[in-house]
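Visitor: One structure coming up, written as structure tokens, with questions to follow.
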Amino acid sequence: MSQFSLFDLEDIVAKRAAASPDESWTASLLSKGVSKAAEKFGEEAVETVIAAVSQSDMDVINEASDAIFHLLVVLKARNIPLALVMAELESRTKQSGITEKKARG
């Protein structure tokens with residue numbers, strides 16, 4: 001199994017963001033602002049949902065990969081480090097989702 005992580009992908013997004021928009025899809029997308037990056041993430045998320053309910057496992061893998069990549073682009077556009085998202089996810093593992101939802105009332 002590969003040791004590639006979301007933090008590795010975050011580094012790649014950062015490097016591509018620093019490139020010329022003429023040479024990098026990531027830089028081009030970021031140059032259009034957070035709204036465009038979020039729109040692209042939304043498109044990829046919808047494509048992932050469609051693949052999950054009606055396409056092959058490989059289609060789901062491909063679309064999920066696109067969605068995760070574009071989520072990291074959105075985080076970059078907002079200057080939110082992945083480490084903050086990971087810390088939030090970790091904090092949510094301290095209780096079940098059912099317990100957490102009940103506590104919200």
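Scheme for the structure tokens: letters A, B, ... for chains in order shown; per-chain residue numbers from 1; ligand numbers from 1 in order shown.
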Residues within 10 Å of Ala14 (chain A), please, as a list of chain:residue names. Count only C-alpha atoms; anything in the same chain fewer than 5 positions from it doesn't count.
Guide: A:Asp8, A:Leu9, A:Ala19, A:Thr26, A:Ala27, A:Leu72, A:Val73, A:Lys76, A:Ala77
Visitor: Given the selection you just returned, output its residues as a file containing C-alpha atoms, formatted as a short mmCIF file (atom, residue, chain, number, x, y, z; two decimals), in the first residue's frame.
Guide:
```
data_model
loop_
_atom_site.label_atom_id
_atom_site.label_comp_id
_atom_site.auth_asym_id
_atom_site.auth_seq_id
_atom_site.Cartn_x
_atom_site.Cartn_y
_atom_site.Cartn_z
CA ASP A 8 1.23 14.97 0.34
CA LEU A 9 -1.63 16.05 -1.90
CA ALA A 19 2.76 28.09 -10.79
CA THR A 26 -4.79 24.43 -9.98
CA ALA A 27 -3.30 27.92 -10.39
CA LEU A 72 -8.04 20.61 -1.13
CA VAL A 73 -8.05 23.35 -3.78
CA LYS A 76 -6.08 26.37 -0.36
CA ALA A 77 -8.31 29.13 -1.76
#
```
Visitor: Quick one: residues within 10 Å of Val46 (chain A), only C-alpha atoms counted, chain neighbours fewer than 6 positions away excluded, as JSON, numbers by chain?
Guide: {"A": [40, 52, 63, 64, 67]}
Visitor: Filtering to all heavy atoms, could you give me those residues as a CSV table (one decimal), in the first residue's frame?
Guide:
```csv
chain,number,residue,atom,x,y,z
A,40,LYS,N,-16.4,24.1,-8.7
A,40,LYS,CA,-15.7,22.9,-9.3
A,40,LYS,C,-15.8,21.8,-8.3
A,40,LYS,O,-16.1,20.6,-8.7
A,40,LYS,CB,-14.3,23.2,-9.7
A,40,LYS,CG,-13.6,22.1,-10.4
A,40,LYS,CD,-14.3,21.7,-11.7
A,40,LYS,CE,-13.7,20.5,-12.4
A,40,LYS,NZ,-14.4,20.0,-13.5
A,52,ALA,N,-21.6,6.8,-7.4
A,52,ALA,CA,-21.9,5.9,-6.3
A,52,ALA,C,-23.2,5.1,-6.5
A,52,ALA,O,-23.3,3.9,-6.1
A,52,ALA,CB,-21.9,6.6,-5.0
A,63,GLU,N,-14.0,9.5,-9.5
A,63,GLU,CA,-14.8,10.7,-9.1
A,63,GLU,C,-14.5,11.2,-7.7
A,63,GLU,O,-14.3,12.4,-7.4
A,63,GLU,CB,-16.3,10.5,-9.3
A,63,GLU,CG,-16.7,10.3,-10.7
A,63,GLU,CD,-16.4,11.4,-11.7
A,63,GLU,OE1,-16.0,12.5,-11.3
A,63,GLU,OE2,-16.4,11.2,-12.9
A,64,ALA,N,-14.3,10.2,-6.8
A,64,ALA,CA,-13.9,10.6,-5.4
A,64,ALA,C,-12.5,11.2,-5.4
A,64,ALA,O,-12.3,12.2,-4.6
A,64,ALA,CB,-14.0,9.3,-4.5
A,67,ALA,N,-13.0,14.7,-6.4
A,67,ALA,CA,-13.7,15.5,-5.4
A,67,ALA,C,-12.7,15.9,-4.3
A,67,ALA,O,-12.6,17.0,-3.8
A,67,ALA,CB,-14.9,14.7,-4.8
```
Visitor: Skip Phe41 (chain A) itself and residues of its chain fewer than 4 positions away, then list as a PyMOL selection string all residues within 10 Å of it, counting only C-alpha atoms.
Guide: chain A and resi 35-37+45-47+66-74
Visitor: Could you state the separation of CA of Gly97 (chain A) and CA of Leu82 (chain A) in Å, given to one decimal place?
Guide: 21.7 Å
